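One file, run-v8.txt, is given below (compact mmCIF, C-alpha atoms).
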# COMPACT_ATOMS: atom_id res chain seq x y z
CA MET A 852 -12.43 35.22 15.95
CA HIS A 853 -9.37 37.48 15.97
CA PRO A 854 -9.83 41.23 15.95
CA PRO A 855 -8.35 42.86 12.87
CA VAL A 856 -4.73 43.84 13.37
CA SER A 857 -4.26 47.34 12.11
CA SER A 858 -1.72 50.06 12.32
CA PRO A 859 -1.81 53.55 10.85
CA GLY A 860 -1.54 53.28 7.10
CA GLN A 861 -1.61 49.50 7.09
CA ALA A 862 -4.84 47.59 7.30
CA VAL A 863 -4.64 43.85 7.56
CA PRO A 864 -7.90 42.18 6.65
CA ALA A 865 -9.07 39.69 9.23
CA PRO A 866 -10.08 36.28 7.92
CA SER A 867 -13.79 35.74 7.91
CA GLY A 868 -15.43 32.84 9.71
CA THR A 869 -13.81 30.64 12.30
CA THR A 870 -10.04 30.61 12.70
CA ARG A 871 -10.18 26.93 13.56
CA PRO A 872 -11.93 25.19 10.68
CA ASN A 873 -11.78 21.41 10.65
CA PRO A 874 -9.54 20.00 7.93
CA ARG A 875 -12.41 18.36 6.08
CA ILE A 876 -10.61 18.07 2.73
CA LEU A 877 -7.55 16.46 4.31
CA LEU A 878 -9.69 14.02 6.27
CA LEU A 879 -11.60 13.14 3.11
CA LEU A 880 -8.35 12.60 1.21
CA ALA A 881 -7.02 10.42 4.03
CA MET A 882 -10.18 8.30 3.85
CA ILE A 883 -9.86 7.97 0.07
CA PHE A 884 -6.21 6.89 0.39
CA LEU A 885 -7.12 4.38 3.09
CA VAL A 886 -9.89 2.87 0.95
CA LEU A 887 -7.55 2.72 -2.06
CA ARG A 888 -4.86 1.15 0.06
CA VAL A 889 -7.16 -1.63 1.30
CA MET A 890 -8.66 -2.09 -2.17
CA PHE A 891 -5.27 -2.38 -3.88
CA GLN A 892 -4.06 -4.80 -1.24
CA ILE A 893 -7.05 -7.06 -1.93
CA VAL A 894 -7.46 -6.61 -5.69
CA LEU A 895 -3.90 -6.48 -7.01
CA PRO A 896 -2.11 -9.78 -7.56
CA LYS A 897 0.38 -10.52 -4.78
CA GLU A 898 3.42 -10.80 -7.04
CA ASP A 899 2.81 -7.31 -8.44
CA THR A 900 2.28 -5.77 -5.03
CA PRO A 901 5.19 -5.20 -2.72
CA ASP A 902 3.87 -6.41 0.58
CA GLY A 903 5.57 -3.75 2.59
CA SER A 904 7.70 -6.24 4.43
CA SER A 905 9.92 -6.57 1.44
CA PRO A 906 9.32 -3.73 -0.98
CA GLY A 907 11.68 -4.08 -3.90
CA SER A 908 12.02 -7.81 -3.38
CA GLU A 909 12.84 -8.12 -7.08
CA LEU A 910 16.40 -8.76 -5.97
CA ALA A 911 15.18 -12.23 -5.10
CA GLU A 912 13.85 -12.73 -8.65
CA PRO A 913 16.01 -14.47 -11.24
CA ASP A 914 18.35 -12.40 -13.38
CA SER A 915 20.88 -13.52 -15.99
CA VAL A 916 23.55 -14.48 -13.45
CA ARG A 917 23.52 -18.08 -12.18
CA TRP A 918 23.67 -17.35 -8.46
CA LEU A 919 24.66 -20.27 -6.27
CA ALA A 920 23.67 -20.89 -2.68
CA ILE A 921 26.32 -20.08 -0.09
CA ASP A 922 26.50 -23.78 0.86
CA GLY A 923 27.82 -25.30 -2.33
CA SER A 924 29.72 -22.29 -3.63
CA HIS A 925 32.99 -22.98 -1.84
CA ALA A 926 33.30 -26.48 -3.27
CA GLU A 927 32.28 -25.22 -6.73
CA SER A 928 35.03 -22.62 -6.61
CA GLU A 929 37.65 -25.20 -5.62
CA VAL A 930 36.56 -27.59 -8.38
CA THR A 931 36.33 -25.04 -11.19
CA GLY A 932 39.22 -22.84 -10.05
CA LYS A 933 37.06 -19.74 -10.50
CA PRO A 934 37.12 -17.09 -7.77
CA LEU A 935 34.02 -16.53 -5.68
CA LEU A 936 31.96 -13.39 -6.32
CA TYR A 937 29.85 -12.42 -3.34
CA ASP A 938 27.12 -9.83 -3.96
CA PHE A 939 26.16 -8.38 -0.59
CA ALA A 940 22.75 -6.73 -1.05
CA ALA A 941 19.51 -5.86 0.74
CA SER A 942 15.94 -5.62 -0.54
CA TRP A 943 15.61 -1.98 0.59
CA CYS A 944 18.85 -0.90 -1.12
CA GLY A 945 18.14 1.24 -4.20
CA PRO A 946 21.62 1.07 -5.76
CA CYS A 947 21.53 -2.77 -5.36
CA LYS A 948 18.42 -2.87 -7.53
CA ILE A 949 19.95 -0.59 -10.12
CA MET A 950 23.09 -2.76 -10.21
CA ARG A 951 20.91 -5.83 -10.68
CA LYS A 952 19.02 -4.21 -13.53
CA GLU A 953 22.06 -2.77 -15.30
CA VAL A 954 24.68 -5.45 -14.66
CA PHE A 955 23.15 -8.75 -13.57
CA CYS A 956 20.20 -8.55 -16.00
CA ASP A 957 22.45 -7.55 -18.88
CA PRO A 958 23.16 -10.72 -20.93
CA THR A 959 26.72 -9.73 -21.87
CA ALA A 960 27.78 -8.67 -18.38
CA ALA A 961 26.04 -11.69 -16.86
CA ALA A 962 27.78 -14.07 -19.30
CA THR A 963 31.15 -12.56 -18.32
CA ILE A 964 30.34 -12.99 -14.65
CA ASN A 965 29.12 -16.57 -15.13
CA ALA A 966 32.25 -17.44 -17.07
CA THR A 967 34.70 -15.82 -14.66
CA PHE A 968 33.22 -16.35 -11.21
CA VAL A 969 31.25 -18.57 -8.92
CA PRO A 970 28.58 -15.97 -8.13
CA VAL A 971 26.88 -15.99 -4.72
CA ARG A 972 24.25 -13.49 -3.64
CA VAL A 973 24.26 -12.72 0.08
CA MET A 974 21.00 -10.99 1.00
CA ASP A 975 20.80 -9.04 4.22
CA ARG A 976 17.50 -9.75 5.98
CA LYS A 977 18.02 -7.71 9.13
CA ALA A 978 15.39 -5.10 8.19
CA GLU A 979 12.79 -7.76 7.37
CA ASP A 980 13.48 -10.56 9.86
CA GLY A 981 15.42 -8.72 12.53
CA ARG A 982 18.44 -10.97 12.05
CA ASN A 983 20.51 -12.75 9.45
CA THR A 984 21.23 -16.43 9.14
CA SER A 985 24.54 -17.57 10.62
CA GLU A 986 26.01 -18.07 7.11
CA VAL A 987 25.17 -14.51 6.04
CA LYS A 988 26.40 -13.08 9.33
CA TYR A 989 29.64 -15.05 9.04
CA LEU A 990 30.33 -13.73 5.54
CA GLN A 991 29.39 -10.14 6.46
CA ASP A 992 31.75 -10.26 9.44
CA LYS A 993 34.51 -11.99 7.49
CA PHE A 994 34.57 -9.34 4.76
CA LYS A 995 33.67 -6.48 7.13
CA ILE A 996 30.59 -5.45 5.13
CA ARG A 997 29.42 -1.98 6.19
CA ALA A 998 27.30 -0.87 3.23
CA PHE A 999 25.26 -2.19 0.32
CA PRO A 1000 25.86 -3.02 -2.40
CA THR A 1001 29.31 -4.49 -1.83
CA LEU A 1002 30.92 -6.96 -4.21
CA VAL A 1003 33.67 -9.18 -2.87
CA VAL A 1004 35.91 -11.28 -5.09
CA ALA A 1005 37.73 -13.93 -3.13
CA SER A 1006 39.55 -17.22 -3.52
CA PRO A 1007 38.07 -20.26 -1.73
CA SER A 1008 40.55 -19.69 1.11
CA GLY A 1009 39.22 -16.14 1.44
CA ASP A 1010 42.73 -14.68 1.60
CA GLU A 1011 43.30 -11.18 0.24
CA PRO A 1012 39.80 -10.54 -1.07
CA VAL A 1013 39.05 -7.59 -3.33
CA VAL A 1014 36.18 -5.46 -2.03
CA ILE A 1015 34.18 -3.15 -4.31
CA GLN A 1016 31.86 -0.97 -2.25
CA GLY A 1017 28.95 0.91 -3.83
CA TYR A 1018 27.67 0.79 -7.39
CA LEU A 1019 30.14 2.25 -9.86
CA GLY A 1020 28.03 2.03 -13.01
CA LYS A 1021 27.85 -0.92 -15.41
CA ASP A 1022 31.12 -0.60 -17.33
CA GLU A 1023 33.17 0.37 -14.27
CA THR A 1024 31.72 -2.53 -12.28
CA VAL A 1025 32.50 -5.15 -14.94
CA LYS A 1026 35.99 -3.69 -15.38
CA ALA A 1027 36.61 -3.70 -11.63
CA LEU A 1028 35.32 -7.29 -11.34
CA LEU A 1029 37.63 -8.57 -14.07
CA ALA A 1030 40.61 -6.79 -12.53
CA ALA A 1031 39.68 -8.25 -9.15
CA ALA A 1032 39.45 -11.76 -10.65
CA ASP A 1033 42.95 -11.42 -12.13
CA LYS A 1034 44.31 -10.16 -8.83
CA VAL A 1035 42.71 -12.94 -6.78
CA LYS A 1036 43.88 -15.61 -9.24
CA ALA A 1037 47.42 -14.23 -9.13
CA ASN A 1038 47.44 -14.24 -5.32
CA SER A 1039 45.90 -17.65 -4.80
CA PRO A 1040 48.38 -20.54 -4.23
CA LYS A 1041 48.82 -22.76 -7.28
CA ASP A 1042 47.68 -26.38 -6.99
CA GLU A 1043 50.62 -28.70 -6.47
CA GLU A 1044 51.28 -31.07 -9.32
CA PRO A 1045 50.99 -34.72 -8.25
CA MET B 1315 1.69 29.54 1.20
CA ASN B 1316 2.64 32.21 3.72
CA PRO B 1317 6.21 33.42 3.06
CA ILE B 1318 6.38 35.22 6.42
CA LEU B 1319 5.72 32.01 8.35
CA ILE B 1320 8.19 30.07 6.21
CA GLY B 1321 10.83 32.80 6.53
CA ALA B 1322 10.43 32.86 10.30
CA TYR B 1323 10.92 29.10 10.39
CA TRP B 1324 14.12 29.35 8.33
CA ARG B 1325 15.50 32.05 10.61
CA GLU B 1326 14.76 29.91 13.67
CA ARG B 1327 16.45 26.83 12.15
CA LEU B 1328 19.51 28.76 10.96
CA SER B 1329 20.01 30.21 14.42
CA SER B 1330 20.44 26.75 15.96
CA PRO B 1331 24.13 25.78 15.85
CA VAL B 1332 23.46 22.16 16.89
CA ARG B 1333 21.04 21.64 14.00
CA MET B 1334 23.42 23.23 11.52
CA VAL B 1335 26.39 21.13 12.69
CA LEU B 1336 24.36 17.91 12.52
CA ALA B 1337 22.96 18.77 9.09
CA PHE B 1338 26.43 19.60 7.74
CA ALA B 1339 27.79 16.37 9.26
CA ILE B 1340 25.13 14.24 7.50
CA VAL B 1341 25.56 15.99 4.17
CA GLY B 1342 29.36 15.91 4.48
CA LEU B 1343 29.33 12.19 5.26
CA ASN B 1344 27.13 11.45 2.25
CA ILE B 1345 29.37 13.48 -0.05
CA LEU B 1346 32.53 11.85 1.31
CA THR B 1347 31.02 8.37 0.97
CA SER B 1348 30.10 9.07 -2.65
CA ALA B 1349 33.52 10.56 -3.34
CA PHE B 1350 35.33 7.49 -2.00
CA THR B 1351 33.05 4.72 -3.22
CA GLY B 1352 32.08 6.37 -6.50
CA SER B 1353 28.43 5.67 -5.77
CA PRO B 1354 26.39 8.38 -7.55
CA VAL B 1355 23.56 8.31 -5.00
CA PRO B 1356 23.50 8.41 -1.23
CA ASP B 1357 21.27 5.95 0.59
CA ALA B 1358 17.72 7.35 0.40
CA PHE B 1359 17.39 6.63 4.10
CA SER B 1360 19.82 9.49 4.88
CA ALA B 1361 16.90 11.81 4.03
CA VAL B 1362 15.24 10.51 7.22
CA TYR B 1363 18.10 11.75 9.41
CA LEU B 1364 18.17 15.12 7.65
CA THR B 1365 14.42 15.58 8.10
CA LEU B 1366 14.66 14.69 11.78
CA VAL B 1367 17.48 17.19 12.29
CA LEU B 1368 15.97 20.03 10.27
CA GLY B 1369 12.30 19.39 11.01
CA GLY B 1370 12.29 18.28 14.65
CA GLY B 1371 10.27 20.53 16.95
CA ALA B 1372 8.70 22.51 14.10
CA ILE B 1373 5.60 23.25 16.19
CA GLY B 1374 6.70 21.99 19.62
CA ARG B 1375 9.47 24.55 19.92
CA ASP B 1376 7.04 27.38 19.16
CA VAL B 1377 4.77 26.03 21.90
CA SER B 1378 7.61 25.63 24.43
CA SER B 1379 9.13 29.03 23.75
CA GLY B 1380 5.77 30.81 23.73
CA ALA B 1381 6.30 32.05 20.18
CA ILE B 1382 3.04 30.42 19.16
CA HIS B 1383 1.13 33.02 21.20
CA LEU B 1384 2.64 35.77 19.10
CA ILE B 1385 1.91 33.91 15.87
CA LEU B 1386 -1.71 33.09 16.68
CA VAL B 1387 -2.67 36.65 17.69
CA ARG B 1388 -2.06 37.53 14.07
CA PRO B 1389 -4.73 36.88 11.47
CA VAL B 1390 -3.46 33.40 10.76
CA ARG B 1391 -5.66 30.33 10.83
CA ARG B 1392 -4.29 27.41 12.78
CA SER B 1393 -4.62 25.17 9.73
CA GLU B 1394 -2.60 27.72 7.74
CA TYR B 1395 0.07 27.73 10.45
CA VAL B 1396 0.30 23.89 10.42
CA LEU B 1397 0.40 23.61 6.62
CA ASN B 1398 3.04 26.34 6.33
CA ARG B 1399 5.18 24.66 8.97
CA TRP B 1400 4.95 21.43 6.96
CA LEU B 1401 5.82 23.30 3.75
CA ALA B 1402 8.75 24.97 5.48
CA VAL B 1403 10.13 21.65 6.81
CA PHE B 1404 9.97 19.79 3.53
CA LEU B 1405 11.13 22.73 1.41
CA THR B 1406 14.15 23.29 3.65
CA THR B 1407 15.15 19.64 3.77
CA SER B 1408 14.48 19.09 0.06
CA LEU B 1409 16.66 22.07 -0.77
CA VAL B 1410 19.51 20.62 1.30
CA VAL B 1411 19.12 17.22 -0.42
CA ILE B 1412 19.11 18.85 -3.87
CA VAL B 1413 22.28 20.83 -3.06
CA GLN B 1414 23.87 17.63 -1.74
CA GLY B 1415 22.94 15.80 -4.98
CA ALA B 1416 24.36 18.64 -7.07
CA ILE B 1417 27.70 18.51 -5.20
CA ILE B 1418 27.92 14.72 -5.66
CA LEU B 1419 27.12 15.13 -9.36
CA LEU B 1420 29.85 17.75 -9.77
CA LEU B 1421 32.35 15.50 -7.98
CA LEU B 1422 31.51 12.60 -10.30
CA LEU B 1423 31.80 14.80 -13.37
CA ALA B 1424 35.09 16.25 -12.11
CA GLY B 1425 36.42 12.73 -11.52
CA GLY B 1426 35.58 11.76 -15.09
CA ARG B 1427 33.21 9.02 -13.98
CA GLY B 1428 30.11 8.03 -15.89
CA VAL B 1429 27.04 9.72 -14.51
CA PRO B 1430 23.76 7.74 -14.56
CA PHE B 1431 21.39 10.73 -14.65
CA ASP B 1432 18.21 8.63 -14.56
CA MET B 1433 19.38 6.85 -11.41
CA ILE B 1434 20.27 10.15 -9.74
CA ALA B 1435 16.88 11.64 -10.66
CA LEU B 1436 15.01 8.63 -9.28
CA ASN B 1437 17.03 8.63 -6.07
CA LEU B 1438 16.44 12.35 -5.61
CA SER B 1439 12.69 11.91 -6.17
CA GLU B 1440 12.67 9.03 -3.69
CA GLN B 1441 14.42 11.17 -1.09
CA ILE B 1442 12.06 14.11 -1.60
CA LEU B 1443 9.02 11.84 -1.23
CA ILE B 1444 10.45 10.51 2.05
CA ILE B 1445 11.00 14.10 3.20
CA VAL B 1446 7.43 15.18 2.28
CA GLY B 1447 5.97 12.19 4.12
CA LEU B 1448 8.19 12.29 7.16
CA SER B 1449 7.69 16.06 7.51
CA ALA B 1450 3.93 15.48 7.83
CA VAL B 1451 4.49 12.78 10.46
CA LEU B 1452 6.84 15.07 12.42
CA ILE B 1453 4.36 17.95 12.22
CA PHE B 1454 1.66 15.72 13.74
CA LEU B 1455 3.97 14.46 16.51
CA SER B 1456 5.15 18.01 17.13
CA SER B 1457 1.57 19.17 17.66
CA LEU B 1458 1.30 16.65 20.52
CA VAL B 1459 4.43 17.44 22.53
CA GLY B 1460 6.58 20.46 23.25
CA GLY B 1461 10.21 21.11 22.34
CA ASN B 1462 11.87 18.40 20.28
CA GLY B 1463 9.66 15.74 21.84
CA ASP B 1464 8.39 14.80 18.36
CA VAL B 1465 11.80 13.34 17.50
CA ALA B 1466 11.73 11.29 20.71
CA LEU B 1467 8.18 10.10 19.92
CA PHE B 1468 9.28 9.18 16.41
CA VAL B 1469 12.28 7.18 17.67
CA VAL B 1470 10.17 5.40 20.31
CA GLY B 1471 7.44 4.62 17.74
CA PHE B 1472 9.96 3.36 15.21
CA LEU B 1473 11.71 1.16 17.78
CA MET B 1474 8.34 -0.16 18.94
CA GLY B 1475 7.35 -1.04 15.36
CA SER B 1476 10.69 -2.75 14.75
CA VAL B 1477 10.49 -4.75 17.99
CA ILE B 1478 6.91 -5.85 17.23
CA SER B 1479 7.85 -6.99 13.73
CA LEU B 1480 10.92 -8.74 15.16
CA ILE B 1481 8.80 -10.61 17.71
CA GLY B 1482 6.28 -11.42 14.96
CA SER B 1483 9.03 -12.85 12.74
CA ALA B 1484 10.65 -14.78 15.58
CA THR B 1485 7.37 -16.34 16.70
CA GLN B 1486 6.20 -16.92 13.09
CA LYS B 1487 3.12 -14.75 13.72
CA THR B 1488 2.59 -12.96 10.43
CA TRP B 1489 -0.16 -10.70 11.74
CA LEU B 1490 2.14 -9.41 14.50
CA ALA B 1491 5.00 -8.83 12.06
CA ASP B 1492 2.53 -7.01 9.76
CA ILE B 1493 1.47 -4.69 12.60
CA GLY B 1494 5.12 -3.84 13.23
CA HIS B 1495 5.70 -3.17 9.53
CA GLU B 1496 2.58 -0.99 9.35
CA ILE B 1497 3.83 1.14 12.26
CA THR B 1498 7.26 1.68 10.70
CA ARG B 1499 5.72 2.27 7.27
CA PHE B 1500 3.35 4.86 8.72
CA LEU B 1501 6.22 6.64 10.48
CA ILE B 1502 8.48 6.65 7.42
CA PRO B 1503 6.21 6.96 4.39
CA ARG B 1504 8.31 6.07 1.38
CA LEU B 1505 8.00 5.06 -2.23
CA GLU B 1506 10.75 2.91 -3.70
CA LEU B 1507 10.90 4.45 -7.15
CA THR B 1508 14.23 2.88 -8.08
CA GLY B 1509 12.64 -0.54 -7.89
CA GLY B 1510 9.06 0.09 -8.75
CA VAL B 1511 8.79 2.38 -11.73
CA GLU B 1512 8.69 -0.51 -14.18
CA SER B 1513 5.32 -1.59 -12.88
CA LEU B 1514 2.67 0.90 -11.81
CA THR B 1515 0.75 -1.79 -9.94
CA ALA B 1516 3.80 -2.35 -7.76
CA LEU B 1517 3.59 1.31 -6.76
CA ALA B 1518 -0.16 1.32 -6.04
CA VAL B 1519 -0.12 0.11 -2.44
CA PRO B 1520 2.94 2.12 -1.32
CA LEU B 1521 1.52 5.22 -3.05
CA ALA B 1522 -1.85 4.89 -1.29
CA SER B 1523 -0.04 4.19 1.97
CA TRP B 1524 2.16 7.25 1.51
CA GLY B 1525 -0.81 9.48 0.69
CA PHE B 1526 -2.72 8.16 3.69
CA SER B 1527 0.16 8.91 6.10
CA VAL B 1528 0.68 12.43 4.75
CA THR B 1529 -2.98 13.52 4.68
CA LEU B 1530 -3.94 11.87 7.96
CA CYS B 1531 -0.95 13.33 9.84
CA LEU B 1532 -1.64 16.85 8.56
CA ALA B 1533 -5.36 16.56 9.35
CA LEU B 1534 -4.62 15.24 12.85
CA ALA B 1535 -2.06 17.99 13.48
CA ILE B 1536 -4.67 20.63 12.59
CA LEU B 1537 -7.33 18.95 14.73
CA VAL B 1538 -4.96 18.70 17.72
CA LEU B 1539 -3.88 22.32 17.40
CA ASN B 1540 -7.48 23.50 16.95
CA ARG B 1541 -8.36 22.00 20.29
CA ARG B 1542 -5.44 23.42 22.25
CA GLU B 1543 -5.66 26.69 24.16
CA PHE B 1544 -2.80 29.09 23.65
CA SER B 1545 -3.98 32.11 25.59
CA TYR B 1546 -1.48 33.67 28.00
CA ALA B 1547 -3.90 32.89 30.83
CA SER B 1548 -3.81 29.14 30.10
CA THR B 1549 0.00 28.96 30.34
CA GLY B 1550 -0.08 30.38 33.87

Whole structure, structure tokens version:
Amino acid sequence: MHPPVSSPGQAVPAPSGTTRPNPRILLLLAMIFLVLRVMFQIVLPKEDTPDGSSPGSELAEPDSVRWLAIDGSHAESEVTGKPLLYDFAASWCGPCKIMRKEVFCDPTAAATINATFVPVRVMDRKAEDGRNTSEVKYLQDKFKIRAFPTLVVASPSGDEPVVIQGYLGKDETVKALLAAADKVKANSPKDEEP
Amino acid sequence: MNPILIGAYWRERLSSPVRMVLAFAIVGLNILTSAFTGSPVPDAFSAVYLTLVLGGGAIGRDVSSGAIHLILVRPVRRSEYVLNRWLAVFLTTSLVVIVQGAIILLLLLAGGRGVPFDMIALNLSEQILIIVGLSAVLIFLSSLVGGNGDVALFVVGFLMGSVISLIGSATQKTWLADIGHEITRFLIPRLELTGGVESLTALAVPLASWGFSVTLCLALAILVLNRREFSYASTG
């Protein structure tokens, strides 16, 4: 126990009891949290419980946009003449989830996107799996993706793509996407008449 | 809450030019990124770097410099010292993150862009929860090693967790990947509010996990410090 520290005119009361009490309350709280953690993991349905490996995996859930797989998207874009819209996202990315909720889950915005683009979601899995598939890596390298979310509007040839980095808000994003579609269409070579 | 202990911590942090330069660099980069991309929120993960810079060596540096001898001869319980160090770390870092958020908000308003206030509030809460959790982890690590060794321990632990989960994923061993995830989740306790507020059940496990990391780390830090000798004789 410490002796009381005192100076003339100033008395500092010394704490009573031991100066090294065990943190019983904190240990008890830690135990309670641990029990709750294990209990929730067992009791709660899996789909409602982020499993830690992919918290926020709702990006993988369906929204109002008809996302195509990377594989068939190129051919689809050539056939329909619509530019490709790549949504580069990651499950841990907060702004990606907000963009999904505000833009891709919004029926009007989603209808515009479905009508104008061939939409392709490119999910980064580096944090979860340690690496990305070769297709995802190829696209990330091709468009020099450095941050999430990033939207890329490109023609099937991939020339002169328009890159929109970050989430700009719903209206700004839709506006920027439509402008990008016009730009890409204007730049892409016209099909030769037979 | 002991304002003298917290004030002393602030003075010590402010007197370190390296820490200040790094903290300004992180905040500056976040503001510039938001200014150029128009994104109203910085990545919540940037709070991790800020906490490491501003909170590294919170106890270890006192031990290395011998300042802890001077603190513990005063009528201060060791648990009080640990909890006030934790408070000081997360209050300092949270304040920096709030100022950073305010600057970004002003830039957005000045640029005439739409400001999603709910998104900014959620992101800010998410960052502060990371800071509160990570501060507790750093305080525990700092009670184990001197100087800024807690930051090195954190980096090593995080890399180890990532490598284990990587090996687990590569070899299709879920249990191994889960161990790796648990290590990284323990080291960076976080709650993804931006994705999880719609369903409380989705928050249950991360919330319990976060609470477990925070309380266990603080309890362990107090236990470790209680068992260490800090008399002048013991330092030789």

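Closest approach to Leu1436 in chain B among B:Phe1404, B:Pro1331, B:Ile1318, B:Asp1357: B:Asp1357, based on only C-alpha atoms.
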
Proximity to Tyr989 in chain A - best of A:Ala920, A:Val973, A:Ala940, A:Phe955, all atoms listed in the file: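 Checking each candidate against Tyr989 in chain A, we get A:Val973 as the closest.
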
Nearest-residue call for Leu1505 in chain B, choices B:Leu1458, B:Leu1438, B:Leu1443, B:Val1469, using all atoms listed in the file: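 Looking at the shortest contact to Leu1505 in chain B, the residue is B:Leu1443.
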
Contacts of Leu1409 in chain B within 12 Å, all atoms listed in the file, excl. fewer than 3 positions in-chain, as a ChimeraX atom specification: /B:1324,1341,1361,1364-1365,1368,1401-1406,1412-1416,1438,1441-1442,1445-1446

Proximity to Gly1460 in chain B - best of B:Val1538, B:Val1411, B:Ala1372, B:Ile1418, all atoms listed in the file: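 Closest candidate: B:Ala1372.
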
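With CA of Leu1501 in chain B on one side and CA of Asn1398 in chain B on the other, the separation reads 20.4 Å.
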
Pick from B:Val1332, B:Met1433, B:Leu1455, B:Leu1386, whichever lies nearest to Lys948 in chain A using all atoms listed in the file: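 Among the listed residues, the smallest separation from Lys948 in chain A belongs to B:Met1433.
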
Who sits within 9 Å of Glu953 in chain A, all atoms listed in the file, same chain under 4 positions skipped, as a ChimeraX atom specification: /A:948-949,957,960,1020-1021

Would you mind exporting C-alpha atoms of the selected residues as a PDB file, in the coordinates of the input?
ATOM      1  CA  LYS A 948      18.420  -2.870  -7.530  1.00  0.00           C
ATOM      2  CA  ILE A 949      19.950  -0.590 -10.120  1.00  0.00           C
ATOM      3  CA  ASP A 957      22.450  -7.550 -18.880  1.00  0.00           C
ATOM      4  CA  ALA A 960      27.780  -8.670 -18.380  1.00  0.00           C
ATOM      5  CA  GLY A1020      28.030   2.030 -13.010  1.00  0.00           C
ATOM      6  CA  LYS A1021      27.850  -0.920 -15.410  1.00  0.00           C
TER       7      LYS A1021
END

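Picture a line from CA of Arg997 in chain A to CA of Ala1031 in chain A; it runs 19.5 Å.
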
One-decimal distance in Å that lies between CA of Ala1450 in chain B and CA of Leu1534 in chain B: 9.9 Å

Range 1520-1533 of chain B surroundings by only C-alpha atoms, 9 Å radius, close-in-sequence under 5 positions cut, as number ranges by chain: A: 873-889, 891, 900-903, 906; B: 1393, 1396-1397, 1400, 1443-1444, 1446-1455, 1499-1506, 1538

For a cut-off of 9 Å around (37.8, -20.7, -7.7), file coordinates, pick out all residues using all atoms listed in the file and list them as a tab-separated table (two decimals) with C-alpha atoms, keeping the file's coordinate frame.
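Contents of the output file result-v5.tsv:
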chain	number	residue	atom	x	y	z
A	925	HIS	CA	32.99	-22.98	-1.84
A	926	ALA	CA	33.30	-26.48	-3.27
A	927	GLU	CA	32.28	-25.22	-6.73
A	928	SER	CA	35.03	-22.62	-6.61
A	929	GLU	CA	37.65	-25.20	-5.62
A	930	VAL	CA	36.56	-27.59	-8.38
A	931	THR	CA	36.33	-25.04	-11.19
A	932	GLY	CA	39.22	-22.84	-10.05
A	933	LYS	CA	37.06	-19.74	-10.50
A	934	PRO	CA	37.12	-17.09	-7.77
A	935	LEU	CA	34.02	-16.53	-5.68
A	968	PHE	CA	33.22	-16.35	-11.21
A	969	VAL	CA	31.25	-18.57	-8.92
A	1005	ALA	CA	37.73	-13.93	-3.13
A	1006	SER	CA	39.55	-17.22	-3.52
A	1007	PRO	CA	38.07	-20.26	-1.73
A	1036	LYS	CA	43.88	-15.61	-9.24

Residues near Thr963 in chain A, cut-off 9 Å, all atoms listed in the file, skip fewer than 4 positions along chain, as a list in words: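 Near neighbours after the sequence-gap exclusion: Pro958, Thr959, Thr967, Phe968, Val1025 and Leu1029 of chain A.
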
Counting all atoms listed in the file, the residue of A:Asp1022, A:Asp992, A:Asp1033, A:Glu1011 that sits nearest chain B: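 Checking each of A:Asp1022, A:Asp992, A:Asp1033, A:Glu1011 against chain B, counting all atoms listed in the file, the winner is A:Asp1022.
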